[in-house]
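File shown here: final.cif, holding mmCIF, C-alpha atoms.
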data_protein
#
loop_
_atom_site.group_PDB
_atom_site.id
_atom_site.type_symbol
_atom_site.label_atom_id
_atom_site.label_comp_id
_atom_site.auth_asym_id
_atom_site.auth_seq_id
_atom_site.Cartn_x
_atom_site.Cartn_y
_atom_site.Cartn_z
ATOM 1 C CA MET A 27 38.388 59.210 14.454
ATOM 2 C CA SER A 28 34.673 58.829 14.624
ATOM 3 C CA THR A 29 32.625 58.688 17.812
ATOM 4 C CA ILE A 30 29.935 56.759 15.963
ATOM 5 C CA TYR A 31 30.861 53.253 14.865
ATOM 6 C CA ASN A 32 27.803 51.761 13.165
ATOM 7 C CA ILE A 33 24.268 52.674 12.209
ATOM 8 C CA PHE A 34 21.483 50.104 11.893
ATOM 9 C CA VAL A 35 17.866 50.382 10.800
ATOM 10 C CA ILE A 36 15.476 47.487 11.461
ATOM 11 C CA ASN A 37 11.943 47.279 10.114
ATOM 12 C CA LYS A 38 8.977 46.406 12.302
ATOM 13 C CA SER A 39 9.281 42.673 11.680
ATOM 14 C CA GLY A 40 12.880 42.661 12.844
ATOM 15 C CA GLY A 41 14.671 42.537 9.501
ATOM 16 C CA LEU A 42 17.808 44.593 9.014
ATOM 17 C CA ILE A 43 17.086 47.089 6.240
ATOM 18 C CA TYR A 44 20.175 49.263 6.554
ATOM 19 C CA TYR A 45 23.662 48.925 7.940
ATOM 20 C CA LYS A 46 26.606 51.246 7.663
ATOM 21 C CA ASP A 47 29.884 51.557 9.536
ATOM 22 C CA PHE A 48 31.854 54.728 10.051
ATOM 23 C CA GLY A 49 35.530 54.950 10.784
ATOM 24 C CA SER A 50 37.692 51.890 11.016
ATOM 25 C CA ILE A 51 36.676 50.573 14.426
ATOM 26 C CA ALA A 52 34.089 47.829 14.787
ATOM 27 C CA LYS A 53 33.513 46.962 11.174
ATOM 28 C CA LEU A 54 31.041 44.103 10.883
ATOM 29 C CA ASP A 55 30.612 41.763 7.944
ATOM 30 C CA THR A 56 27.157 41.115 6.525
ATOM 31 C CA ASN A 57 26.480 38.066 8.664
ATOM 32 C CA ASP A 58 27.530 39.751 11.890
ATOM 33 C CA SER A 59 25.441 42.839 11.201
ATOM 34 C CA LEU A 60 22.381 40.706 10.452
ATOM 35 C CA ARG A 61 22.985 38.669 13.588
ATOM 36 C CA LEU A 62 23.387 41.699 15.814
ATOM 37 C CA ALA A 63 20.258 43.286 14.342
ATOM 38 C CA SER A 64 18.081 40.243 14.982
ATOM 39 C CA VAL A 65 19.486 39.725 18.459
ATOM 40 C CA TRP A 66 18.832 43.359 19.262
ATOM 41 C CA HIS A 67 15.296 43.204 17.903
ATOM 42 C CA SER A 68 14.501 40.211 20.120
ATOM 43 C CA LEU A 69 16.221 41.638 23.190
ATOM 44 C CA HIS A 70 14.352 44.868 22.718
ATOM 45 C CA ALA A 71 11.030 43.044 22.474
ATOM 46 C CA ILE A 72 11.760 40.883 25.512
ATOM 47 C CA SER A 73 12.965 43.827 27.572
ATOM 48 C CA SER A 74 9.757 45.759 27.018
ATOM 49 C CA GLN A 75 7.724 42.771 28.211
ATOM 50 C CA LEU A 76 9.923 41.974 31.194
ATOM 51 C CA SER A 77 10.190 45.537 32.407
ATOM 52 C CA PRO A 78 8.479 46.212 35.744
ATOM 53 C CA VAL A 79 7.629 49.707 34.504
ATOM 54 C CA THR A 80 4.277 49.854 32.760
ATOM 55 C CA GLY A 81 4.263 51.310 29.274
ATOM 56 C CA CYS A 82 7.936 50.509 28.780
ATOM 57 C CA THR A 83 9.016 50.809 25.165
ATOM 58 C CA GLY A 84 12.184 48.730 25.350
ATOM 59 C CA ILE A 85 15.888 49.298 25.885
ATOM 60 C CA GLU A 86 17.103 52.726 24.865
ATOM 61 C CA LEU A 87 20.716 52.532 25.905
ATOM 62 C CA LEU A 88 23.072 49.637 26.435
ATOM 63 C CA GLU A 89 26.400 50.501 28.007
ATOM 64 C CA ALA A 90 29.277 48.122 27.451
ATOM 65 C CA ASP A 91 32.957 48.395 28.389
ATOM 66 C CA THR A 92 34.065 49.413 24.935
ATOM 67 C CA PHE A 93 30.995 50.962 23.337
ATOM 68 C CA ASP A 94 27.494 52.358 23.935
ATOM 69 C CA LEU A 95 24.464 51.239 21.948
ATOM 70 C CA HIS A 96 21.690 53.807 21.610
ATOM 71 C CA CYS A 97 18.321 52.724 20.274
ATOM 72 C CA PHE A 98 15.294 54.696 19.149
ATOM 73 C CA GLN A 99 12.047 52.989 18.219
ATOM 74 C CA THR A 100 9.472 54.999 16.311
ATOM 75 C CA ALA A 101 5.719 54.726 16.887
ATOM 76 C CA THR A 102 5.466 52.841 13.590
ATOM 77 C CA GLY A 103 7.805 50.110 14.856
ATOM 78 C CA THR A 104 10.942 50.943 12.884
ATOM 79 C CA LYS A 105 14.068 50.895 15.036
ATOM 80 C CA PHE A 106 17.141 53.013 14.518
ATOM 81 C CA PHE A 107 20.206 52.175 16.547
ATOM 82 C CA VAL A 108 23.812 53.236 16.589
ATOM 83 C CA THR A 109 26.877 52.030 18.396
ATOM 84 C CA GLY A 110 29.466 54.571 19.404
ATOM 85 C CA GLU A 111 32.218 55.520 21.781
ATOM 86 C CA THR A 112 31.374 55.122 25.449
ATOM 87 C CA GLY A 113 29.861 58.276 26.870
ATOM 88 C CA ALA A 114 29.327 59.882 23.441
ATOM 89 C CA ALA A 115 26.911 62.795 23.941
ATOM 90 C CA GLY A 116 23.887 63.907 21.972
ATOM 91 C CA VAL A 117 23.265 60.531 20.378
ATOM 92 C CA ASP A 118 19.522 60.674 21.052
ATOM 93 C CA LEU A 119 19.351 63.871 19.001
ATOM 94 C CA LEU A 120 21.398 62.222 16.298
ATOM 95 C CA LEU A 121 18.894 59.362 16.161
ATOM 96 C CA LYS A 122 16.038 61.847 15.747
ATOM 97 C CA SER A 123 17.879 63.542 12.902
ATOM 98 C CA ILE A 124 18.457 60.164 11.284
ATOM 99 C CA TYR A 125 14.710 59.495 11.532
ATOM 100 C CA GLU A 126 14.018 62.808 9.784
ATOM 101 C CA LEU A 127 16.440 61.935 6.997
ATOM 102 C CA TYR A 128 14.747 58.544 6.677
ATOM 103 C CA SER A 129 11.317 60.142 6.355
ATOM 104 C CA ASP A 130 12.609 62.628 3.780
ATOM 105 C CA TYR A 131 14.943 60.653 1.590
ATOM 106 C CA VAL A 132 13.872 57.050 1.973
ATOM 107 C CA LEU A 133 10.099 57.135 2.354
ATOM 108 C CA LYS A 134 9.618 59.896 -0.196
ATOM 109 C CA ASN A 135 11.538 57.984 -2.820
ATOM 110 C CA PRO A 136 8.791 56.487 -4.998
ATOM 111 C CA PHE A 137 11.032 53.568 -5.975
ATOM 112 C CA TYR A 138 11.703 52.569 -2.404
ATOM 113 C CA GLU A 139 9.429 49.791 -1.192
ATOM 114 C CA VAL A 140 8.401 50.124 2.424
ATOM 115 C CA GLU A 141 9.991 47.557 4.790
ATOM 116 C CA MET A 142 12.586 46.552 2.181
ATOM 117 C CA PRO A 143 16.374 47.079 2.387
ATOM 118 C CA ILE A 144 17.344 50.709 1.843
ATOM 119 C CA ARG A 145 19.378 51.350 -1.269
ATOM 120 C CA VAL A 146 18.937 55.068 -1.728
ATOM 121 C CA GLU A 147 21.853 57.247 -2.717
ATOM 122 C CA LEU A 148 20.498 60.538 -1.335
ATOM 123 C CA TRP A 149 19.954 58.950 2.045
ATOM 124 C CA ASP A 150 23.540 57.623 2.055
ATOM 125 C CA LEU A 151 24.888 61.046 1.156
ATOM 126 C CA ASN A 152 22.850 62.938 3.720
ATOM 127 C CA LEU A 153 23.582 60.420 6.424
ATOM 128 C CA ALA A 154 27.313 60.746 5.778
ATOM 129 C CA THR A 155 27.014 64.541 5.908
ATOM 130 C CA LEU A 156 25.103 64.352 9.180
ATOM 131 C CA ILE A 157 27.771 62.166 10.774
ATOM 132 C CA ARG A 158 30.567 64.390 9.426
ATOM 133 C CA GLN A 159 28.907 67.491 10.839
ATOM 134 C CA ARG A 160 28.528 65.798 14.180
ATOM 135 C CA GLU A 161 32.193 64.815 14.289
ATOM 136 C CA ARG A 162 33.261 68.320 13.294
ATOM 137 C CA THR A 163 31.225 70.022 16.005
ATOM 138 C CA SER A 164 32.261 67.515 18.656
ATOM 139 C CA THR A 165 35.979 67.783 17.852
ATOM 140 C CA GLY A 166 35.731 71.568 17.491
ATOM 141 C CA LYS A 167 34.879 71.955 21.150
ATOM 142 C CA MET B 4 -6.581 76.046 23.378
ATOM 143 C CA LYS B 5 -3.698 78.369 22.575
ATOM 144 C CA ALA B 6 -1.157 75.955 23.958
ATOM 145 C CA ALA B 7 -2.480 73.183 21.747
ATOM 146 C CA LEU B 8 -2.188 75.373 18.658
ATOM 147 C CA ARG B 9 1.467 76.098 19.143
ATOM 148 C CA PRO B 10 2.932 72.690 18.265
ATOM 149 C CA GLY B 11 1.078 72.860 14.950
ATOM 150 C CA ASP B 12 2.693 76.172 14.106
ATOM 151 C CA ALA B 13 6.108 74.889 15.089
ATOM 152 C CA ALA B 14 5.683 71.819 12.918
ATOM 153 C CA PHE B 15 4.439 73.984 10.049
ATOM 154 C CA ALA B 16 7.536 76.150 10.307
ATOM 155 C CA ASN B 17 9.674 73.012 10.266
ATOM 156 C CA VAL B 18 8.628 71.555 6.931
ATOM 157 C CA GLU B 19 9.570 72.625 3.444
ATOM 158 C CA LYS B 20 6.888 74.557 1.569
ATOM 159 C CA VAL B 21 5.826 74.456 -2.039
ATOM 160 C CA ASN B 22 3.753 76.979 -3.912
ATOM 161 C CA ALA B 23 0.100 76.374 -3.015
ATOM 162 C CA GLU B 24 -1.142 76.901 -6.572
ATOM 163 C CA LEU B 25 1.373 74.435 -7.934
ATOM 164 C CA PHE B 26 0.148 71.929 -5.366
ATOM 165 C CA THR B 27 -3.516 72.547 -6.189
ATOM 166 C CA LEU B 28 -2.945 72.339 -9.920
ATOM 167 C CA THR B 29 -0.810 69.206 -9.653
ATOM 168 C CA TYR B 30 -3.518 67.481 -7.675
ATOM 169 C CA GLY B 31 -6.052 68.653 -10.247
ATOM 170 C CA ALA B 32 -3.949 67.175 -13.024
ATOM 171 C CA VAL B 33 -3.763 63.857 -11.177
ATOM 172 C CA VAL B 34 -7.536 63.692 -10.719
ATOM 173 C CA ARG B 35 -8.093 64.701 -14.329
ATOM 174 C CA GLN B 36 -5.761 61.965 -15.563
ATOM 175 C CA LEU B 37 -7.510 59.395 -13.389
ATOM 176 C CA LEU B 38 -10.847 60.423 -14.882
ATOM 177 C CA THR B 39 -9.431 59.885 -18.360
ATOM 178 C CA ASP B 40 -7.945 56.531 -17.422
ATOM 179 C CA HIS B 41 -10.880 55.089 -15.517
ATOM 180 C CA GLU B 42 -14.040 56.595 -17.003
ATOM 181 C CA ASP B 43 -16.160 55.342 -14.122
ATOM 182 C CA VAL B 44 -16.276 57.975 -11.378
ATOM 183 C CA ASP B 45 -16.546 55.400 -8.591
ATOM 184 C CA ASP B 46 -13.325 53.783 -9.776
ATOM 185 C CA VAL B 47 -11.637 57.158 -9.595
ATOM 186 C CA ASN B 48 -12.855 57.631 -6.029
ATOM 187 C CA LYS B 49 -11.436 54.241 -5.101
ATOM 188 C CA GLN B 50 -8.191 54.959 -6.870
ATOM 189 C CA LEU B 51 -7.789 58.300 -5.083
ATOM 190 C CA ASP B 52 -8.444 56.615 -1.770
ATOM 191 C CA SER B 53 -5.846 53.929 -2.392
ATOM 192 C CA MET B 54 -3.308 56.515 -3.559
ATOM 193 C CA GLY B 55 -3.959 58.369 -0.348
ATOM 194 C CA TYR B 56 -3.465 55.195 1.652
ATOM 195 C CA ASN B 57 -0.070 54.646 0.071
ATOM 196 C CA ILE B 58 0.874 58.221 0.859
ATOM 197 C CA GLY B 59 -0.407 57.904 4.418
ATOM 198 C CA ILE B 60 1.641 54.857 5.354
ATOM 199 C CA ARG B 61 4.794 56.799 4.486
ATOM 200 C CA LEU B 62 3.703 60.247 5.550
ATOM 201 C CA ILE B 63 3.102 59.154 9.126
ATOM 202 C CA ASP B 64 6.837 58.768 9.679
ATOM 203 C CA GLU B 65 7.514 62.298 8.504
ATOM 204 C CA PHE B 66 4.804 63.504 10.821
ATOM 205 C CA LEU B 67 6.302 61.627 13.781
ATOM 206 C CA ALA B 68 9.847 62.677 12.929
ATOM 207 C CA LYS B 69 9.102 66.369 12.604
ATOM 208 C CA SER B 70 6.176 67.126 14.875
ATOM 209 C CA ASN B 71 7.691 65.905 18.162
ATOM 210 C CA SER B 72 4.236 64.995 19.384
ATOM 211 C CA ALA B 73 3.974 62.640 22.305
ATOM 212 C CA LYS B 74 1.947 59.451 22.339
ATOM 213 C CA CYS B 75 -1.794 60.118 22.410
ATOM 214 C CA ALA B 76 -3.800 58.670 25.279
ATOM 215 C CA ASP B 77 -7.033 58.152 23.368
ATOM 216 C CA PHE B 78 -8.749 58.671 20.040
ATOM 217 C CA ARG B 79 -9.990 62.122 21.068
ATOM 218 C CA GLU B 80 -6.459 63.307 21.540
ATOM 219 C CA THR B 81 -5.432 61.654 18.282
ATOM 220 C CA ALA B 82 -8.142 63.498 16.359
ATOM 221 C CA ASP B 83 -7.078 66.741 17.971
ATOM 222 C CA VAL B 84 -3.444 66.251 17.015
ATOM 223 C CA ILE B 85 -4.421 65.292 13.451
ATOM 224 C CA ALA B 86 -6.444 68.476 13.078
ATOM 225 C CA LYS B 87 -4.117 70.899 14.799
ATOM 226 C CA VAL B 88 -0.708 69.508 13.910
ATOM 227 C CA GLY B 89 -1.100 67.056 11.017
ATOM 228 C CA PHE B 90 -3.311 69.125 8.743
ATOM 229 C CA LYS B 91 -1.421 72.279 9.609
ATOM 230 C CA MET B 92 1.894 70.659 8.770
ATOM 231 C CA PHE B 93 0.957 69.234 5.399
ATOM 232 C CA LEU B 94 -1.916 71.386 4.131
ATOM 233 C CA GLY B 95 -1.486 74.618 6.077
ATOM 234 C CA VAL B 96 -5.030 74.517 7.450
ATOM 235 C CA SER B 97 -6.463 73.476 10.808
ATOM 236 C CA PRO B 98 -9.879 71.835 10.676
ATOM 237 C CA THR B 99 -12.067 71.791 13.759
ATOM 238 C CA VAL B 100 -12.927 68.526 15.433
ATOM 239 C CA ALA B 101 -16.641 68.184 16.097
ATOM 240 C CA ASN B 102 -19.684 65.923 16.232
ATOM 241 C CA TRP B 103 -18.250 63.293 18.545
ATOM 242 C CA SER B 104 -20.272 60.134 18.912
ATOM 243 C CA PRO B 105 -21.099 59.297 22.555
ATOM 244 C CA ASP B 106 -18.626 56.369 22.655
ATOM 245 C CA GLY B 107 -15.782 58.648 21.549
ATOM 246 C CA LYS B 108 -14.964 56.499 18.534
ATOM 247 C CA GLU B 109 -16.352 58.623 15.763
ATOM 248 C CA CYS B 110 -15.822 62.275 14.961
ATOM 249 C CA SER B 111 -15.771 64.799 12.158
ATOM 250 C CA LEU B 112 -13.089 67.113 10.871
ATOM 251 C CA LEU B 113 -14.703 70.300 9.612
ATOM 252 C CA MET B 114 -12.829 72.382 7.084
ATOM 253 C CA ASP B 115 -13.925 75.724 5.643
ATOM 254 C CA ASP B 116 -10.794 76.215 3.687
ATOM 255 C CA ASN B 117 -9.448 73.379 1.585
ATOM 256 C CA PRO B 118 -6.374 74.108 -0.528
ATOM 257 C CA LEU B 119 -7.052 71.086 -2.759
ATOM 258 C CA VAL B 120 -10.110 72.613 -4.370
ATOM 259 C CA ASP B 121 -9.155 76.255 -4.899
ATOM 260 C CA PHE B 122 -9.953 76.325 -8.636
ATOM 261 C CA VAL B 123 -12.348 73.427 -8.905
ATOM 262 C CA GLU B 124 -15.931 73.247 -10.116
ATOM 263 C CA LEU B 125 -17.445 69.820 -10.635
ATOM 264 C CA PRO B 126 -18.973 69.425 -14.108
ATOM 265 C CA ASP B 127 -22.354 67.683 -14.434
ATOM 266 C CA THR B 128 -20.703 64.494 -15.669
ATOM 267 C CA CYS B 129 -18.653 64.121 -12.477
ATOM 268 C CA GLN B 130 -21.255 64.750 -9.802
ATOM 269 C CA GLY B 131 -20.425 61.419 -8.173
ATOM 270 C CA LEU B 132 -16.757 62.316 -7.887
ATOM 271 C CA SER B 133 -15.446 62.651 -4.376
ATOM 272 C CA TYR B 134 -12.666 65.041 -5.321
ATOM 273 C CA CYS B 135 -10.844 64.970 -2.003
ATOM 274 C CA SER B 136 -11.131 61.277 -1.193
ATOM 275 C CA ILE B 137 -7.334 61.141 -1.259
ATOM 276 C CA LEU B 138 -7.476 62.763 2.200
ATOM 277 C CA CYS B 139 -9.512 59.850 3.535
ATOM 278 C CA GLY B 140 -6.900 57.442 2.265
ATOM 279 C CA VAL B 141 -4.065 59.415 3.823
ATOM 280 C CA LEU B 142 -5.754 59.446 7.231
ATOM 281 C CA ARG B 143 -6.598 55.750 7.066
ATOM 282 C CA GLY B 144 -3.073 54.793 5.994
ATOM 283 C CA ALA B 145 -1.357 56.976 8.562
ATOM 284 C CA LEU B 146 -3.501 55.771 11.456
ATOM 285 C CA GLU B 147 -3.120 52.146 10.453
ATOM 286 C CA MET B 148 0.653 52.432 10.812
ATOM 287 C CA ILE B 149 0.234 53.508 14.408
ATOM 288 C CA SER B 150 -2.065 50.555 15.099
ATOM 289 C CA MET B 151 -5.471 52.169 14.676
ATOM 290 C CA ARG B 152 -7.827 50.687 12.137
ATOM 291 C CA THR B 153 -10.217 53.372 10.974
ATOM 292 C CA GLU B 154 -12.890 54.063 8.436
ATOM 293 C CA VAL B 155 -12.720 57.529 6.902
ATOM 294 C CA ARG B 156 -15.173 59.089 4.487
ATOM 295 C CA ILE B 157 -16.259 62.469 3.230
ATOM 296 C CA VAL B 158 -19.816 63.300 4.222
ATOM 297 C CA LYS B 159 -20.016 66.948 3.239
ATOM 298 C CA ASP B 160 -18.342 68.392 0.191
ATOM 299 C CA MET B 161 -18.334 72.083 -0.695
ATOM 300 C CA LEU B 162 -17.985 71.137 -4.362
ATOM 301 C CA LYS B 163 -21.438 69.563 -4.055
ATOM 302 C CA GLY B 164 -23.045 72.575 -2.485
ATOM 303 C CA ASP B 165 -22.495 71.907 1.221
ATOM 304 C CA ASP B 166 -21.346 74.786 3.370
ATOM 305 C CA VAL B 167 -18.310 73.014 4.784
ATOM 306 C CA TYR B 168 -16.047 70.011 4.233
ATOM 307 C CA GLU B 169 -16.772 67.254 6.655
ATOM 308 C CA ILE B 170 -14.503 64.237 6.936
ATOM 309 C CA ARG B 171 -15.940 61.541 9.159
ATOM 310 C CA MET B 172 -13.490 59.293 11.007
ATOM 311 C CA ARG B 173 -14.512 56.143 12.835
ATOM 312 C CA LEU B 174 -12.150 54.081 14.939
ATOM 313 C CA ILE B 175 -12.854 50.434 14.210
ATOM 314 C CA GLU B 176 -10.304 48.911 16.565
ATOM 315 C CA THR B 177 -6.958 49.508 18.129
ATOM 316 C CA VAL B 178 -4.592 46.733 17.179
ATOM 317 C CA PRO B 179 -2.463 45.983 20.240
ATOM 318 C CA GLU B 180 1.220 46.624 19.739
ATOM 319 C CA GLU B 181 2.217 43.122 20.628
ATOM 320 C CA LEU B 182 5.620 41.889 19.743
ATOM 321 C CA PRO B 183 6.548 40.093 17.608
ATOM 322 C CA TYR B 184 4.222 41.679 15.102
ATOM 323 C CA LYS B 185 4.016 38.754 12.714
ATOM 324 C CA ASP B 186 4.458 35.595 14.713
ATOM 325 C CA ASP B 187 3.895 33.097 11.961
ATOM 326 C CA GLU B 188 6.024 34.584 9.210
#
How does the structure come out when it is put into C-alpha cells?
Amino acid sequence: MSTIYNIFVINKSGGLIYYKDFGSIAKLDTNDSLRLASVWHSLHAISSQLSPVTGCTGIELLEADTFDLHCFQTATGTKFFVTGETGAAGVDLLLKSIYELYSDYVLKNPFYEVEMPIRVELWDLNLATLIRQRERTSTGK
Amino acid sequence: MKAALRPGDAAFANVEKVNAELFTLTYGAVVRQLLTDHEDVDDVNKQLDSMGYNIGIRLIDEFLAKSNSAKCADFRETADVIAKVGFKMFLGVSPTVANWSPDGKECSLLMDDNPLVDFVELPDTCQGLSYCSILCGVLRGALEMISMRTEVRIVKDMLKGDDVYEIRMRLIETVPEELPYKDDE
C-alpha cells in the first residue's frame, strides 16, 4: 500500500500539466483531476492574498480527515502537490526531489514545450522509481 | 565572503559534470554552424542570444531545484548568487561582481577564465562576432522567469583584446508576482 495517493503538477497559469495516481486509493478520473487542480490553484492564490502574514507564499499543507495535501510552489510559479496518507512524513523532501526530476527529465527534453502537458517517458519512469524507493524505506523501518 | 562561497561549491558538487573540452568544442561547433547558416555576424549574435534565452527559461528551474538558495532580497543579492552559485554550478567558474551603478540596478560580472573560449581565436572576418552572447541570453531568460526583466550585454571580450570578460546586467523592472498571472486569458 502506498502512502502517496496522487501527484499533480500545475503550470504558472493554473493549468494541470501532469497527474498520476499511485496505489488503488483515491483514483481520480480526468475531469476530477482537472477540477481539483484548478480549485487548488485558485485556493492557493487566494490564501496567499488573504494571509495576515506578509510575504506569504500560499498554503503548503492541507490536513483533511482522510488525507494530507502537501504543496510546493517554485519561484517560477510551477506548483507541485501530492496527496497522501494522513501524517505521512518527509513529503516536503519528496516534493523537492520531484522538482529536481522535473528540471532534469522534463525541462531538458528538447521536445517538451514549456507550460504544456508533460508526456515524457523518462520522467514517468524516474518518478515511479522515486515513489517506490520512498515506500520501501518507509515500510522498512 | 567564505560563507557565501560555500553554497556555490555545494551546488557544483551536486550537478552532473561533462568533460570541459567536449563542452567547449560542442559550443564551438554550434557557433561555427550558425556562421555557416546565417552569414551575417549580427544575425549570429542575435541567434546565440535567443538560444541562450530558451536555455535560460528552463535552466532556472534546475538552478532553483538544486542550489537550495533562498529568495533574494534585492538585485545586489541576486547578482551575487548568480556569480557565486549559478556560474559555479553550470560553468565551474565564479565571476566577480563589480562596477555597481549608484541606483543598484546595473552591475558587471567580471570573468578572467571563461570555459567557452578555451580554443578560440576570432578570424578577421568575424570581428563583429560576440562569441559568448549565449550567456547574455541565458541570464536574461533565467531572470525573466523569476520576474525580473533585465538587459544583458557583453561589454568586454577577451577574444577582442580586452583583459577580462565583462557582462553588463541592467535591471529594467521587477514584474510583481501578482496572481493570477494572466488575468485576461
Inset, instruction - List the residues sitting within 10 Å of (6.0, 68.4, 6.9) in the file's frame, using all atoms listed in the file, as a PyMOL selection string. - result: (chain A and resi 129-130) or (chain B and resi 14-20+62-63+65-70+88-95)
Inset, instruction - Name every residue that the PyMOL selection byres ((chain B and resi 143) around 10) selects in this structure, writing the answer as an MDAnalysis selection string with chains first and numbers rising. - result: chainID B and resid 52:53 55:57 59:60 137:142 144:148 151:156 172:174
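When all atoms listed in the file are used to compute distances to chain A, the closest of the residues B:Asp64, B:Glu24, B:Asp106, B:Asp165 turns out to be B:Asp64.
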Inset, instruction - Name the residues in contact with region 50-60 of chain A at a cut-off of 12 Å, using only C-alpha atoms, excluding same-chain residues fewer than 4 positions from it; report them as a ChimeraX atom specification. - result: /A:27-36,40-46,64-67,92-93,107-111,143
Inset, instruction - For Val167 (chain B), list every protein, DNA or RNA residue within 9 Å, evaluated using all atoms listed in the file, and leave out those in the same chain fewer than 3 positions away; present the list as a ChimeraX atom specification. - result: /B:113-116,159-161,164
Quick one: what's the axis-aligned box for region 164-172 of chain B, all listed atoms, 3 Å on every side, centre and edges in Å to one decimal, as AutoDock Vina command-line options?
--center_x -18.3 --center_y 67.0 --center_z 4.3 --size_x 15.6 --size_y 21.5 --size_z 19.5
Inset, instruction - Between B:Thr99, B:Asn48, B:Ser72, B:Ser136, single out the one closest to chain A, counting all atoms listed in the file. - result: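 Among B:Thr99, B:Asn48, B:Ser72, B:Ser136, it is B:Ser72 that comes nearest to chain A.
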Legend entry - Separation of CA of Leu162 (chain B) from CA of Leu125 (chain B) in Å: 6.4 Å
Inset, instruction - Could you tell me which residues the PyMOL selection byres ((chain A and resi 38) around 6) returns for this structure, as a ChimeraX atom specification? - result: /A:37,39-40,103-104
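Between Gly116 (chain A) and the residues A:His96, A:Asn152, A:Ile144, A:Ala101, the shortest atom-to-atom distance, using all atoms listed in the file, involves A:His96.
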Legend entry - the PyMOL selection byres ((chain A) within 12 of (chain B)) resolved against shown file, as a PyMOL selection string: chain A and resi 37-41+64+67-75+81-84+98-105+119+121-136+138-141
Inset, instruction - Go ahead and compute the interatomic distance for CA of Asp166 (chain B) and CA of Val33 (chain B), in Å to one decimal. - result: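 The value is 25.3 Å.
CA of Ile175 (chain B) is positioned 24.8 Å from CA of Val47 (chain B).
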Legend entry - Exercise: Gly107 (chain B) partners within 8 Å, only C-alpha atoms, chain neighbours under 3 positions left out, as number ranges by chain: B: 78-79, 103-104, 110
For region 144-157 of chain B, supply N, CA, C and O atoms and report the output as a CSV table (one decimal), in the frame of the given file.
chain,number,residue,atom,x,y,z
B,144,GLY,N,-4.4,55.4,6.1
B,144,GLY,CA,-3.1,54.8,6.0
B,144,GLY,C,-2.2,55.2,7.2
B,144,GLY,O,-1.6,54.3,7.8
B,145,ALA,N,-2.2,56.5,7.5
B,145,ALA,CA,-1.4,57.0,8.6
B,145,ALA,C,-1.8,56.4,9.9
B,145,ALA,O,-0.9,55.9,10.7
B,146,LEU,N,-3.1,56.3,10.2
B,146,LEU,CA,-3.5,55.8,11.5
B,146,LEU,C,-3.3,54.3,11.6
B,146,LEU,O,-2.9,53.8,12.6
B,147,GLU,N,-3.4,53.6,10.4
B,147,GLU,CA,-3.1,52.1,10.5
B,147,GLU,C,-1.7,51.8,10.9
B,147,GLU,O,-1.4,50.8,11.6
B,148,MET,N,-0.7,52.7,10.5
B,148,MET,CA,0.7,52.4,10.8
B,148,MET,C,0.9,52.6,12.3
B,148,MET,O,1.9,52.2,12.8
B,149,ILE,N,0.1,53.4,13.0
B,149,ILE,CA,0.2,53.5,14.4
B,149,ILE,C,-0.9,52.7,15.1
B,149,ILE,O,-1.5,53.2,16.1
B,150,SER,N,-1.2,51.6,14.6
B,150,SER,CA,-2.1,50.6,15.1
B,150,SER,C,-3.5,51.0,15.4
B,150,SER,O,-4.1,50.5,16.4
B,151,MET,N,-4.0,51.9,14.6
B,151,MET,CA,-5.5,52.2,14.7
B,151,MET,C,-6.2,51.9,13.3
B,151,MET,O,-5.8,52.5,12.3
B,152,ARG,N,-7.1,50.9,13.4
B,152,ARG,CA,-7.8,50.7,12.1
B,152,ARG,C,-9.0,51.6,12.1
B,152,ARG,O,-9.8,51.7,13.1
B,153,THR,N,-9.2,52.4,11.0
B,153,THR,CA,-10.2,53.4,11.0
B,153,THR,C,-11.0,53.3,9.7
B,153,THR,O,-10.5,52.7,8.7
B,154,GLU,N,-12.1,53.9,9.7
B,154,GLU,CA,-12.9,54.1,8.4
B,154,GLU,C,-13.1,55.6,8.3
B,154,GLU,O,-13.5,56.3,9.2
B,155,VAL,N,-12.7,56.1,7.1
B,155,VAL,CA,-12.7,57.5,6.9
B,155,VAL,C,-13.5,57.8,5.6
B,155,VAL,O,-13.2,57.2,4.6
B,156,ARG,N,-14.4,58.7,5.7
B,156,ARG,CA,-15.2,59.1,4.5
B,156,ARG,C,-15.6,60.6,4.5
B,156,ARG,O,-15.6,61.2,5.6
B,157,ILE,N,-15.8,61.1,3.3
B,157,ILE,CA,-16.3,62.5,3.2
B,157,ILE,C,-17.8,62.5,3.2
B,157,ILE,O,-18.4,61.8,2.4
